[in-house]
Structures are given as structure tokens and as C-alpha cells.
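Content type compact mmCIF, C-alpha atoms, from the file work30.txt:
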# COMPACT_ATOMS: atom_id res chain seq x y z
CA MET A 53 -189.72 78.12 -8.61
CA LYS A 54 -186.45 80.03 -8.53
CA TYR A 55 -184.41 79.85 -11.72
CA PRO A 56 -180.61 79.72 -11.77
CA ARG A 57 -178.46 82.69 -12.78
CA ILE A 58 -175.76 81.08 -14.86
CA PRO A 59 -172.20 82.23 -14.03
CA TYR A 60 -170.31 83.88 -16.87
CA LYS A 61 -169.11 81.20 -19.31
CA ALA A 62 -169.71 78.44 -16.80
CA SER A 63 -168.30 75.08 -17.82
CA GLY A 64 -170.69 72.88 -19.78
CA VAL A 65 -173.22 75.62 -20.51
CA LYS A 66 -174.48 75.74 -24.09
CA THR A 67 -174.20 79.22 -25.62
CA GLN A 68 -175.31 81.15 -28.66
CA THR A 69 -173.67 84.06 -30.43
CA CYS A 70 -175.97 87.03 -31.01
CA MET A 71 -175.58 90.29 -32.90
CA LEU A 72 -175.76 93.39 -30.72
CA PRO A 73 -178.50 95.91 -31.62
CA MET A 74 -177.32 98.66 -34.02
CA SER A 75 -173.87 97.11 -34.15
CA MET A 76 -171.46 94.86 -35.99
CA GLU A 77 -170.38 93.41 -32.64
CA LYS A 78 -171.47 90.03 -31.30
CA ALA A 79 -172.21 88.75 -27.81
CA GLU A 80 -172.17 85.26 -26.36
CA VAL A 81 -175.09 84.40 -24.09
CA PRO A 82 -176.37 81.12 -22.62
CA ILE A 83 -179.06 79.02 -24.24
CA PHE A 84 -181.78 78.84 -21.63
CA ASP A 85 -184.00 75.84 -20.91
CA TYR A 86 -187.08 77.25 -22.62
CA PRO A 87 -190.30 75.31 -21.93
CA ILE A 88 -191.80 76.71 -25.16
CA GLN A 89 -190.25 78.20 -28.28
CA PRO A 90 -189.33 81.92 -28.14
CA VAL A 91 -191.72 82.72 -31.00
CA GLU A 92 -194.68 81.21 -29.14
CA ASN A 93 -193.69 83.08 -25.99
CA PHE A 94 -193.47 86.32 -28.01
CA LYS A 95 -196.99 85.76 -29.35
CA LEU A 96 -198.29 85.48 -25.78
CA ALA A 97 -196.63 88.77 -24.85
CA THR A 98 -197.94 90.47 -27.98
CA ALA A 99 -201.49 89.37 -27.19
CA HIS A 100 -201.11 90.87 -23.67
CA LYS A 101 -201.37 87.41 -22.18
CA THR A 102 -198.95 86.13 -19.55
CA PRO A 103 -195.81 84.86 -21.31
CA VAL A 104 -193.51 82.33 -19.67
CA TRP A 105 -190.69 84.91 -19.60
CA ALA A 106 -190.27 88.42 -20.97
CA PRO A 107 -188.85 88.18 -24.50
CA SER A 108 -185.35 89.48 -25.15
CA ALA A 109 -184.52 90.82 -28.60
CA LEU A 110 -180.89 89.76 -28.12
CA SER A 111 -181.39 86.05 -27.54
CA ASP A 112 -184.95 85.34 -28.73
CA PHE A 113 -184.96 87.28 -32.01
CA GLN A 114 -183.28 87.19 -35.40
CA MET A 115 -183.05 90.57 -37.13
CA VAL A 116 -183.30 90.79 -40.90
CA SER A 117 -182.99 94.16 -42.63
CA HIS A 118 -184.52 95.11 -45.95
CA ARG A 119 -181.10 96.53 -46.78
CA MET A 120 -179.59 93.05 -46.41
CA LEU A 121 -182.02 91.77 -49.02
CA PHE A 122 -182.04 94.69 -51.48
CA SER A 123 -178.40 95.70 -51.36
CA GLU A 124 -176.60 95.25 -54.65
CA LYS A 125 -177.81 98.58 -56.03
CA ILE A 126 -176.84 100.46 -52.86
CA THR A 127 -173.42 102.10 -53.16
CA GLU A 128 -171.34 101.85 -50.00
CA LYS A 129 -168.07 103.57 -49.09
CA LYS A 130 -166.07 101.95 -46.31
CA SER A 131 -164.97 104.09 -43.39
CA GLU A 132 -161.34 103.90 -42.33
CA ASN A 133 -162.21 104.79 -38.73
CA PHE A 134 -165.37 103.32 -37.28
CA HIS A 135 -166.28 103.46 -33.61
CA GLN A 136 -166.79 100.29 -31.52
CA GLY A 137 -168.09 98.44 -34.56
CA ILE A 138 -171.36 100.41 -34.46
CA ALA A 139 -171.15 100.85 -38.21
CA ASP A 140 -168.59 100.17 -40.92
CA LYS A 141 -170.08 102.35 -43.63
CA GLN A 142 -169.20 106.01 -44.04
CA GLU A 143 -171.44 106.78 -46.98
CA ILE A 144 -174.47 105.04 -48.46
CA ILE A 145 -176.40 105.96 -51.59
CA ASP A 146 -179.82 104.42 -51.07
CA TRP A 147 -182.19 103.04 -53.68
CA PHE A 148 -183.88 106.45 -54.07
CA GLY A 149 -180.53 108.07 -54.83
CA VAL A 150 -180.25 109.84 -51.45
CA SER A 151 -176.74 110.19 -50.01
CA TRP A 152 -176.30 109.23 -46.34
CA THR A 153 -173.17 109.81 -44.23
CA PHE A 154 -172.35 107.96 -41.03
CA VAL A 155 -172.05 110.41 -38.12
CA GLU A 156 -169.95 108.88 -35.36
CA GLN A 157 -171.24 111.23 -32.64
CA VAL A 158 -174.83 110.01 -33.03
CA GLY A 159 -174.00 106.42 -33.93
CA GLY A 160 -175.95 106.42 -37.17
CA ALA A 161 -176.29 107.69 -40.73
CA MET A 162 -177.75 111.11 -41.55
CA VAL A 163 -178.72 112.60 -44.91
CA THR A 164 -175.54 114.14 -46.30
CA PRO A 165 -175.75 117.95 -45.97
CA GLY A 166 -176.74 119.60 -49.23
CA THR A 167 -178.56 116.51 -50.53
CA HIS A 168 -181.90 117.35 -52.14
CA ARG A 169 -183.01 114.35 -54.17
CA LEU A 170 -186.36 116.05 -54.78
CA LYS A 171 -186.68 119.83 -54.65
CA ASP A 172 -190.39 120.16 -55.40
CA ILE A 173 -192.80 117.73 -53.73
CA THR A 174 -195.47 118.52 -56.33
CA ARG A 175 -193.21 116.83 -58.92
CA TRP A 176 -192.60 113.61 -56.98
CA ASP A 177 -194.41 111.48 -59.57
CA VAL A 178 -192.30 113.00 -62.38
CA ASP A 179 -188.85 113.41 -60.85
CA LEU A 180 -188.68 110.40 -58.52
CA ALA A 181 -188.61 106.71 -59.41
CA PHE A 182 -189.64 104.10 -56.84
CA PRO A 183 -187.55 100.92 -56.74
CA VAL A 184 -188.60 97.98 -58.90
CA PHE A 185 -188.20 94.92 -56.69
CA ASP A 186 -187.72 92.50 -59.59
CA GLU A 187 -184.41 94.25 -60.35
CA TYR A 188 -182.92 92.94 -57.08
CA ASP A 189 -181.78 89.43 -56.20
CA TRP A 190 -183.65 89.52 -52.90
CA ALA A 191 -185.05 86.00 -53.38
CA ASP A 192 -181.54 84.51 -53.44
CA LYS A 193 -180.67 86.40 -50.26
CA VAL A 194 -183.80 85.08 -48.56
CA LYS A 195 -182.82 81.53 -49.52
CA ASP A 196 -179.35 82.11 -48.12
CA PHE A 197 -180.83 83.33 -44.84
CA LEU A 198 -183.19 80.36 -44.57
CA ASN A 199 -180.48 77.83 -45.41
CA ASN A 200 -177.60 79.24 -43.40
CA THR A 201 -178.80 81.63 -40.69
CA TYR A 202 -182.43 81.05 -39.76
CA VAL A 203 -183.06 79.34 -36.41
CA PRO A 204 -186.56 77.81 -36.30
CA GLY A 205 -188.43 78.80 -33.16
CA LYS A 206 -186.84 82.23 -32.91
CA VAL A 207 -188.71 85.47 -33.59
CA VAL A 208 -187.88 86.84 -37.05
CA ASN A 209 -187.85 90.64 -36.86
CA MET A 210 -187.94 92.28 -40.29
CA ASN A 211 -186.51 95.79 -40.10
CA PHE A 212 -188.18 97.96 -42.74
CA GLY A 213 -186.11 101.07 -42.10
CA GLN A 214 -187.67 104.37 -43.16
CA GLY A 215 -191.33 104.96 -42.66
CA LEU A 216 -193.52 107.46 -44.48
CA THR A 217 -192.46 110.80 -43.02
CA GLU A 218 -188.79 109.76 -42.77
CA GLY A 219 -188.88 108.81 -46.44
CA LEU A 220 -190.37 112.20 -47.34
CA ILE A 221 -187.82 114.10 -45.25
CA ALA A 222 -184.85 112.16 -46.64
CA ILE A 223 -185.90 112.72 -50.26
CA LEU A 224 -186.52 116.45 -49.72
CA GLY A 225 -183.22 116.88 -47.86
CA GLY A 226 -184.19 117.63 -44.27
CA TYR A 227 -186.87 118.32 -41.68
CA THR A 228 -187.16 122.00 -42.62
CA GLU A 229 -188.01 121.09 -46.20
CA GLY A 230 -190.29 118.27 -45.09
CA MET A 231 -192.31 120.36 -42.66
CA LEU A 232 -192.63 123.19 -45.19
CA ALA A 233 -194.06 120.66 -47.63
CA PHE A 234 -196.55 119.54 -44.96
CA ALA A 235 -197.74 123.12 -44.53
CA GLU A 236 -197.60 124.40 -48.12
CA GLU A 237 -198.41 121.34 -50.28
CA PRO A 238 -200.46 118.92 -48.16
CA GLU A 239 -202.20 117.35 -51.16
CA ALA A 240 -198.89 116.49 -52.84
CA VAL A 241 -197.53 115.14 -49.56
CA ILE A 242 -200.60 112.95 -49.09
CA ALA A 243 -200.24 111.58 -52.63
CA PHE A 244 -196.54 110.83 -52.08
CA LEU A 245 -197.17 109.12 -48.73
CA ASP A 246 -199.91 106.99 -50.30
CA LYS A 247 -197.44 105.82 -52.95
CA PHE A 248 -194.81 105.17 -50.28
CA ALA A 249 -197.35 103.09 -48.35
CA ASP A 250 -198.05 101.05 -51.50
CA HIS A 251 -194.30 100.52 -51.88
CA THR A 252 -193.97 99.35 -48.25
CA ILE A 253 -196.92 96.96 -48.51
CA GLU A 254 -195.61 95.52 -51.78
CA MET A 255 -192.20 94.87 -50.19
CA PHE A 256 -193.83 93.22 -47.18
CA ASP A 257 -195.96 90.94 -49.35
CA LEU A 258 -192.94 89.76 -51.35
CA LEU A 259 -190.95 88.92 -48.24
CA TYR A 260 -193.87 87.48 -46.26
CA ALA A 261 -194.55 84.99 -49.08
CA ALA A 262 -190.91 83.89 -49.10
CA MET A 263 -189.92 83.63 -45.43
CA PRO A 264 -191.24 83.57 -41.86
CA ILE A 265 -191.80 87.06 -40.43
CA HIS A 266 -193.13 87.47 -36.90
CA VAL A 267 -192.67 91.20 -36.30
CA VAL A 268 -191.97 94.18 -38.55
CA SER A 269 -189.90 97.06 -37.18
CA TYR A 270 -190.98 100.30 -38.84
CA HIS A 271 -188.99 103.50 -38.29
CA ASP A 272 -190.80 106.82 -38.45
CA ASP A 273 -189.67 109.60 -36.10
CA TRP A 274 -192.43 112.07 -35.31
CA GLY A 275 -190.77 114.51 -32.93
CA THR A 276 -187.85 116.27 -31.34
CA GLU A 277 -187.03 115.72 -27.69
CA LYS A 278 -189.22 118.75 -26.89
CA ASP A 279 -192.36 118.10 -28.91
CA THR A 280 -193.78 116.61 -32.10
CA PHE A 281 -192.64 117.76 -35.55
CA PHE A 282 -196.20 118.40 -36.67
CA SER A 283 -199.58 119.08 -35.16
CA GLU A 284 -202.25 116.59 -34.17
CA GLN A 285 -204.36 117.86 -37.06
CA MET A 286 -201.54 117.15 -39.54
CA LEU A 287 -201.08 113.74 -37.96
CA LYS A 288 -204.76 112.90 -38.40
CA GLU A 289 -205.15 114.35 -41.90
CA ILE A 290 -201.79 113.51 -43.51
CA VAL A 291 -199.86 110.81 -41.66
CA LEU A 292 -202.39 108.47 -40.03
CA PRO A 293 -204.41 107.28 -43.06
CA PRO A 294 -201.47 105.78 -45.05
CA THR A 295 -199.80 104.59 -41.83
CA LYS A 296 -202.98 102.77 -40.85
CA ARG A 297 -203.07 101.03 -44.22
CA ILE A 298 -199.56 99.68 -43.55
CA VAL A 299 -200.31 98.66 -39.96
CA ASP A 300 -203.63 97.01 -40.83
CA HIS A 301 -202.15 95.08 -43.75
CA ILE A 302 -199.19 93.72 -41.81
CA ARG A 303 -201.26 92.78 -38.76
CA SER A 304 -203.86 91.09 -41.00
CA LYS A 305 -201.17 88.46 -41.65
CA SER A 306 -200.78 87.83 -37.89
CA VAL A 307 -197.46 89.68 -37.93
CA ALA A 308 -196.77 92.06 -35.04
CA PHE A 309 -196.04 95.71 -35.79
CA GLN A 310 -193.35 97.63 -33.91
CA HIS A 311 -193.06 101.38 -34.40
CA HIS A 312 -189.67 102.92 -33.63
CA CYS A 313 -190.43 106.60 -33.07
CA CYS A 314 -187.90 109.04 -31.63
CA GLY A 315 -188.85 112.29 -29.95
CA ASN A 316 -191.35 113.47 -27.37
CA ILE A 317 -194.44 112.06 -29.04
CA THR A 318 -196.43 111.78 -25.80
CA ARG A 319 -199.47 113.60 -27.20
CA PHE A 320 -199.58 111.17 -30.12
CA LEU A 321 -199.88 108.05 -27.90
CA PRO A 322 -203.71 107.86 -28.03
CA TYR A 323 -203.59 107.94 -31.84
CA MET A 324 -200.90 105.26 -31.93
CA CYS A 325 -203.09 103.06 -29.78
CA GLU A 326 -205.95 103.59 -32.23
CA LEU A 327 -203.69 102.54 -35.10
CA GLY A 328 -203.37 99.09 -33.52
CA ILE A 329 -199.59 99.22 -33.16
CA ASP A 330 -198.36 96.26 -31.11
CA TYR A 331 -195.10 97.71 -29.77
CA LEU A 332 -193.59 101.14 -29.40
CA GLN A 333 -189.82 101.63 -29.32
CA ILE A 334 -189.51 105.21 -28.06
CA GLN A 335 -186.91 107.39 -26.34
CA ARG A 336 -186.79 107.04 -22.57
CA ARG A 337 -185.18 110.46 -22.09
CA ALA A 338 -187.90 112.14 -24.16
CA VAL A 339 -190.96 110.18 -22.99
CA ASP A 340 -191.99 109.03 -19.52
CA ILE A 341 -192.40 105.43 -20.64
CA PRO A 342 -193.35 104.03 -17.20
CA GLU A 343 -196.22 106.54 -17.08
CA MET A 344 -197.23 105.63 -20.64
CA LYS A 345 -197.22 101.96 -19.63
CA LYS A 346 -199.63 102.79 -16.78
CA LYS A 347 -201.95 104.77 -19.06
CA PHE A 348 -201.88 102.69 -22.24
CA GLY A 349 -200.30 99.34 -21.33
CA ASP A 350 -203.55 97.45 -21.89
CA LYS A 351 -203.72 98.77 -25.47
CA ILE A 352 -200.14 98.95 -26.70
CA GLY A 353 -196.83 97.23 -25.91
CA PHE A 354 -193.37 98.66 -25.29
CA ASN A 355 -189.86 97.62 -26.25
CA THR A 356 -187.35 99.34 -23.98
CA ASN A 357 -183.72 99.05 -23.02
CA ILE A 358 -182.77 98.02 -19.49
CA GLU A 359 -183.74 100.93 -17.25
CA GLY A 360 -180.75 103.22 -16.57
CA PHE A 361 -178.37 100.93 -18.46
CA GLU A 362 -175.88 102.80 -20.66
CA PRO A 363 -174.28 100.64 -23.40
CA THR A 364 -170.74 101.82 -22.69
CA GLY A 365 -171.13 101.96 -18.91
CA LYS A 366 -169.24 99.96 -16.30
CA TYR A 367 -171.42 98.24 -13.72
CA SER A 368 -171.03 95.83 -10.86
CA LYS A 369 -172.95 92.55 -10.81
CA GLU A 370 -175.24 94.02 -8.13
CA GLU A 371 -175.98 97.09 -10.27
CA VAL A 372 -176.82 94.90 -13.26
CA VAL A 373 -179.23 92.83 -11.19
CA ALA A 374 -180.90 95.95 -9.72
CA ALA A 375 -181.34 97.57 -13.16
CA VAL A 376 -182.84 94.44 -14.71
CA ARG A 377 -185.25 93.90 -11.82
CA LYS A 378 -186.38 97.52 -11.95
CA THR A 379 -187.08 97.13 -15.68
CA VAL A 380 -189.07 93.94 -15.19
CA ASP A 381 -191.08 95.45 -12.32
CA LEU A 382 -191.88 98.58 -14.35
CA TYR A 383 -192.90 97.04 -17.66
CA CYS A 384 -193.71 93.33 -17.53
CA GLY A 385 -197.22 93.57 -16.13
CA ASN A 386 -200.02 92.60 -18.53
CA GLY A 387 -197.58 91.28 -21.14
CA GLY A 388 -196.99 93.61 -24.08
CA PHE A 389 -193.28 94.03 -23.38
CA PHE A 390 -189.86 92.90 -24.53
CA THR A 391 -186.42 94.32 -23.99
CA SER A 392 -183.27 95.06 -25.94
CA VAL A 393 -180.26 94.35 -23.75
CA PHE A 394 -177.33 96.37 -25.07
CA ALA A 395 -173.89 96.65 -23.49
CA MET A 396 -170.37 96.64 -24.91
CA GLU A 397 -168.98 94.55 -22.04
CA PRO A 398 -169.53 90.82 -22.79
CA GLU A 399 -169.89 89.85 -19.14
CA LEU A 400 -172.47 92.60 -18.55
CA MET A 401 -174.50 91.28 -21.48
CA TRP A 402 -174.34 87.75 -20.10
CA ASP A 403 -175.34 88.74 -16.58
CA ALA A 404 -178.15 91.02 -17.76
CA GLU A 405 -179.60 88.33 -20.05
CA CYS A 406 -179.48 85.71 -17.29
CA GLU A 407 -181.14 87.96 -14.71
CA PHE A 408 -183.75 89.21 -17.18
CA TYR A 409 -184.79 85.69 -18.18
CA ALA A 410 -184.82 84.27 -14.64
CA TYR A 411 -186.41 87.23 -12.85
CA SER A 412 -189.13 87.81 -15.47
CA ARG A 413 -189.96 84.11 -15.47
CA GLU A 414 -190.27 84.17 -11.69
CA LEU A 415 -192.58 87.19 -11.93
CA TYR A 416 -194.84 85.51 -14.49
CA ASP A 417 -194.89 82.32 -12.40
CA LYS A 418 -196.32 84.43 -9.58
CA ASP A 419 -198.94 85.86 -11.95
CA ARG A 420 -200.04 82.29 -12.67
CA GLY A 421 -200.22 81.53 -8.98
CA TYR A 422 -197.24 79.19 -8.95
CA ALA A 423 -195.64 78.84 -5.53
CA TYR A 424 -191.88 78.79 -5.24
CA LYS A 425 -190.39 75.50 -4.14
Represent the structure of the file as C-alpha cells.
Amino acid sequence: MKYPRIPYKASGVKTQTCMLPMSMEKAEVPIFDYPIQPVENFKLATAHKTPVWAPSALSDFQMVSHRMLFSEKITEKKSENFHQGIADKQEIIDWFGVSWTFVEQVGGAMVTPGTHRLKDITRWDVDLAFPVFDEYDWADKVKDFLNNTYVPGKVVNMNFGQGLTEGLIAILGGYTEGMLAFAEEPEAVIAFLDKFADHTIEMFDLLYAAMPIHVVSYHDDWGTEKDTFFSEQMLKEIVLPPTKRIVDHIRSKSVAFQHHCCGNITRFLPYMCELGIDYLQIQRRAVDIPEMKKKFGDKIGFNTNIEGFEPTGKYSKEEVVAAVRKTVDLYCGNGGFFTSVFAMEPELMWDAECEFYAYSRELYDKDRGYAYK
């Protein structure tokens, strides 16, 4: 059947307020007449079965960050001038003692220039202390989330932040130092990454025992927009073994694994499929994602933005509809897909969400052989 596109803030329509991705801003979107719960629909998509509609991270998910739960030992300095609510922190000292500074031009925090928490990777086990989770009141924060924020039936997305190589690079002070360590001290790097993997798995186990988690978002950038940071041999010998331990452990609990990985990592896609990653969140301008969907879509899923949709752009209703339909047509086949609708204009968000839900549901109805009434 055809599904209605709800007019912006139509009278009598139930709505929900959602946090925008990578933002302190909120958006109001309609509550759709879901025939099944969003979390069950997400599981169908993850299993590459035919979901009822294509999941939307904006309306179907709840994001929880490890930084929300392990925050009281993180020093934060408020910014007096933040842009569009994208961030309200100018400086953060993380739990490894690394200084981060918010860079408005890139919309995120970067390691503060001159920061070298660890100067010699061969001394990581002497000069660097890993966080002790019992020293944080994370359990109280989990209870607060469950009592006051959690919406049963939604997909809980636990954002783990830095992955293995990002953690190494941050502690050493930059990509130059990190890649030199890869080349000059591979044994020390491997030992450090193994410890970091243990740390990540321990954090996951604590949180998984205390709250529902349906997908983990893991951030580990492996390339520039031209090519990968390191060779395929380094990937196989240094990065993949501890990464696989993390992926295997999380997926063994029936939790989906999403890898956010910036850069042109096209040549790494076969290895990422072998890892068993459920979803890739990669850069459209660096990677031909539609082509990757054609080649690997039966093995790995993709989380993309709306095709050609710029967050700060101005679009007509017709342009919004065209962009959403193009996205659905490109990526929804064979499941393994969800989107992150992101726009600063409230009405654009509303219209995009409505079209995405309705059009993707119509597409999946066709896949099931349902005839339109």
C-alpha cells in the first residue's frame, strides 16, 4: 500500500524529539505507525533480511556515549563561541590524559597541537595507565538513563569512541608519530593494541551486563581521502587480530557492530567483510559507496547519510523527496542498511524522515510481493 507523508507539524500528529547526530541540537519528527518495534526491524536489516522499513538513526535509535557514562574524571572547558550547537566544549582532557581541542572548521575535537602523552611506544606499559572502571560512577549514570531516558523498543546505540589505531595515534600525539611507531616498533604497537582491545572488551562487558545494547559504534579511521594510512600487510599483521577479537566478542552477544572509518579505505573492504563487521559508516566523498554496496552488500551493511544532502543546505520539498528516494533505491536492497538523516532546518528533517519511512516501506512491501491498494 501507499503510506502517507505527514505534513510538517500537522494537527493531531504525535511527535518525538530526537537529538541530531554529532550535535547538541534537537529535531521534532512524527511518531510513525510501526507494525513492529524499531529494534526488531533493525535486527531484520542487520541479518540482511527484508525489514518492514529502512531504519533511521534519528527516530529509531537512542545514542549513548561512553563519555556520558565515564565523565566525572574528564576535564572540560566551555567554549564561549560554539557553532550551530555542534559542540559546546572547547577543550577536553580525556581519561588517558590527552588534551583535545574543538576545531570549529571541522566540527569536532582534535588532539591539541604539541600534545605527546606518550613519547616512546616501547614504554607504554610503564608510562601509561589505563582507566580503572571502578573509579567511575558509570553504574549510577546507567540507572539514570534507564529510568529517565530509555525508550523500550528503540535501538540502543553505544558509541565507544576511539578504536585501536585512533587510541594509539592520540596517545603518541599524531598520525606521523603513530605511523612511525607502526614501521619502527611493530612489536610494541601490537602489545599496546592488544591491551587496548582488552580495555574495550572489559568496558563492553560492564555496560552490556547493566543495560540493553543493540549496536556498538566503534571509531577507527584507517585512511586519508586519497588512500589508507598503512599497508595491507600492516593491516593484516598489526591491526586485524586485536580488532577481530573486539568484533567477535561483541557480536557473540548478538550485538551488531558498526565501524565508523574515515578515509579512502576501499582496498580494505574485503578484510572488513572478513572481520564480520555488520555496518560500515564511511565517507561518501572518499569512497564510492554505491559501488561497494554492489560488490559487498551481501556480506556487510552500510550506514549512510541521505545521498547529496548537505546538513546546512536549503532544499525544496521536491529536492528532499528526490534525494531520499535516490538513497533508498541505491542502498536498501538486501537489507543491511540504515540512514542518518541530518539537516539543520527542522522542516527538512521532518520531510526527509517522513519520505524515508514511507518510501522505504513501500519498497520493502514490493520485495515481499505486496500489491498496492
Up to 7 Å from (-204.0, 96.9, -30.3) in the file's coordinates: name the residues, counting all atoms listed in the file, as a PDB file with C-alpha atoms, in the frame of the given file.
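Written output follows (point-v6.pdb):
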ATOM      1  CA  CYS A 325    -203.090 103.060 -29.780  1.00  0.00           C
ATOM      2  CA  GLY A 328    -203.370  99.090 -33.520  1.00  0.00           C
ATOM      3  CA  ILE A 329    -199.590  99.220 -33.160  1.00  0.00           C
ATOM      4  CA  ASP A 330    -198.360  96.260 -31.110  1.00  0.00           C
ATOM      5  CA  LYS A 351    -203.720  98.770 -25.470  1.00  0.00           C
ATOM      6  CA  ILE A 352    -200.140  98.950 -26.700  1.00  0.00           C
TER       7      ILE A 352
END
Non-local contacts of Glu289 in chain A (12 Å; only C-alpha atoms; under 3 positions in same chain excluded) as JSON, numbers by chain: {"A": [234, 235, 238, 239, 241, 242, 245, 282, 283, 284, 285, 286, 292, 293, 294, 295, 296]}
Option closest in space to Leu259 in chain A, from A:Tyr367, A:Phe148, A:Phe389, A:Phe122 [counting all atoms listed in the file]: A:Phe122
Residues within 9 Å of Thr364 in chain A, all atoms listed in the file, excluding chain neighbours under 3 positions, as a ChimeraX atom specification: /A:361,394-397
Closest of A:Arg57, A:His266, A:His251, A:Arg319 to Glu92 in chain A - atom-to-atom distances counting all atoms listed in the file: A:His266
For Asn316 in chain A: contacts at 10 Å, only C-alpha atoms, fewer than 3 positions along chain excluded, given as a list in words: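 Those residues are Asp273, Trp274, Gly275, Thr276, Glu277, Lys278, Asp279, Thr280, Phe281, Cys313, Arg319, Phe320, Ile334, Gln335, Arg336, Arg337, Ala338, Val339 and Asp340 of chain A.
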Length of the CA of Phe182 in chain A to CA of Glu236 in chain A vector [Å]: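 CA of Phe182 in chain A sits 23.5 Å away from CA of Glu236 in chain A.
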CA of Ala249 in chain A to CA of Leu170 in chain A, straight-line distance in Å: 18.2 Å
Non-local contacts of Pro56 in chain A (10 Å; all atoms listed in the file; under 6 positions in same chain excluded) as a PyMOL selection string: chain A and resi 84+406-407+409-411
Shell around Gly230 in chain A at 7 Å using only C-alpha atoms, local window under 5 positions removed, as a count of residues only: 3
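Minimum atom-to-atom distances from A:Ile173, A:Ala262, A:Leu321, A:Ile223 to Phe354 in chain A were compared using all atoms listed in the file, and the lowest value belongs to A:Leu321.
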Residue nearest Leu96 in chain A - candidates A:Ile290, A:Glu414, A:Gly388, A:Ala404, atoms counted: all atoms listed in the file: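 Nearest candidate to Leu96 in chain A out of A:Ile290, A:Glu414, A:Gly388, A:Ala404: A:Gly388.
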Point-to-point distance in Å for CA of His271 in chain A and CA of Gln214 in chain A: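 Computing the Euclidean distance for CA of Gln214 in chain A and CA of His271 in chain A yields 5.1 Å.
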List every residue of range 189-286 of chain A that has an atom at most 9 Å from any atom of range 107-119 of chain A, giving for each one its closest atom pair and the distance in Å to one decimal, counting all atoms listed in the file, sorted by chain and then by ascending residue number, as JSON lines.
{"residue": "A:Trp190", "atom": "CA", "partner": "A:His118", "partner_atom": "CA", "distance": 9.0}
{"residue": "A:Phe197", "atom": "CA", "partner": "A:Val116", "partner_atom": "CA", "distance": 8.8}
{"residue": "A:Thr201", "atom": "CA", "partner": "A:Gln114", "partner_atom": "CA", "distance": 8.9}
{"residue": "A:Tyr202", "atom": "CA", "partner": "A:Gln114", "partner_atom": "CA", "distance": 7.6}
{"residue": "A:Val203", "atom": "CA", "partner": "A:Gln114", "partner_atom": "CA", "distance": 7.9}
{"residue": "A:Gly205", "atom": "CA", "partner": "A:Asp112", "partner_atom": "CA", "distance": 8.6}
{"residue": "A:Lys206", "atom": "CA", "partner": "A:Phe113", "partner_atom": "CA", "distance": 5.5}
{"residue": "A:Val207", "atom": "CA", "partner": "A:Phe113", "partner_atom": "CA", "distance": 4.5}
{"residue": "A:Val208", "atom": "CA", "partner": "A:Gln114", "partner_atom": "CA", "distance": 4.9}
{"residue": "A:Asn209", "atom": "CA", "partner": "A:Met115", "partner_atom": "CA", "distance": 4.8}
{"residue": "A:Met210", "atom": "CA", "partner": "A:Val116", "partner_atom": "CA", "distance": 4.9}
{"residue": "A:Asn211", "atom": "CA", "partner": "A:Ser117", "partner_atom": "CA", "distance": 4.6}
{"residue": "A:Phe212", "atom": "CA", "partner": "A:His118", "partner_atom": "CA", "distance": 5.6}
{"residue": "A:Gly213", "atom": "CA", "partner": "A:His118", "partner_atom": "CA", "distance": 7.3}
{"residue": "A:Met255", "atom": "CA", "partner": "A:His118", "partner_atom": "CA", "distance": 8.8}
Just the selected residues (C-alpha atoms), exported as a PDB file, in the frame of the given file, please.
ATOM      1  CA  TRP A 190    -183.650  89.520 -52.900  1.00  0.00           C
ATOM      2  CA  PHE A 197    -180.830  83.330 -44.840  1.00  0.00           C
ATOM      3  CA  THR A 201    -178.800  81.630 -40.690  1.00  0.00           C
ATOM      4  CA  TYR A 202    -182.430  81.050 -39.760  1.00  0.00           C
ATOM      5  CA  VAL A 203    -183.060  79.340 -36.410  1.00  0.00           C
ATOM      6  CA  GLY A 205    -188.430  78.800 -33.160  1.00  0.00           C
ATOM      7  CA  LYS A 206    -186.840  82.230 -32.910  1.00  0.00           C
ATOM      8  CA  VAL A 207    -188.710  85.470 -33.590  1.00  0.00           C
ATOM      9  CA  VAL A 208    -187.880  86.840 -37.050  1.00  0.00           C
ATOM     10  CA  ASN A 209    -187.850  90.640 -36.860  1.00  0.00           C
ATOM     11  CA  MET A 210    -187.940  92.280 -40.290  1.00  0.00           C
ATOM     12  CA  ASN A 211    -186.510  95.790 -40.100  1.00  0.00           C
ATOM     13  CA  PHE A 212    -188.180  97.960 -42.740  1.00  0.00           C
ATOM     14  CA  GLY A 213    -186.110 101.070 -42.100  1.00  0.00           C
ATOM     15  CA  MET A 255    -192.200  94.870 -50.190  1.00  0.00           C
TER      16      MET A 255
END
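Each of A:Ala243, A:Tyr270, A:Pro183, A:Asn386 was checked against Arg420 in chain A using only C-alpha atoms; the smallest atom-to-atom distance is that of A:Asn386.
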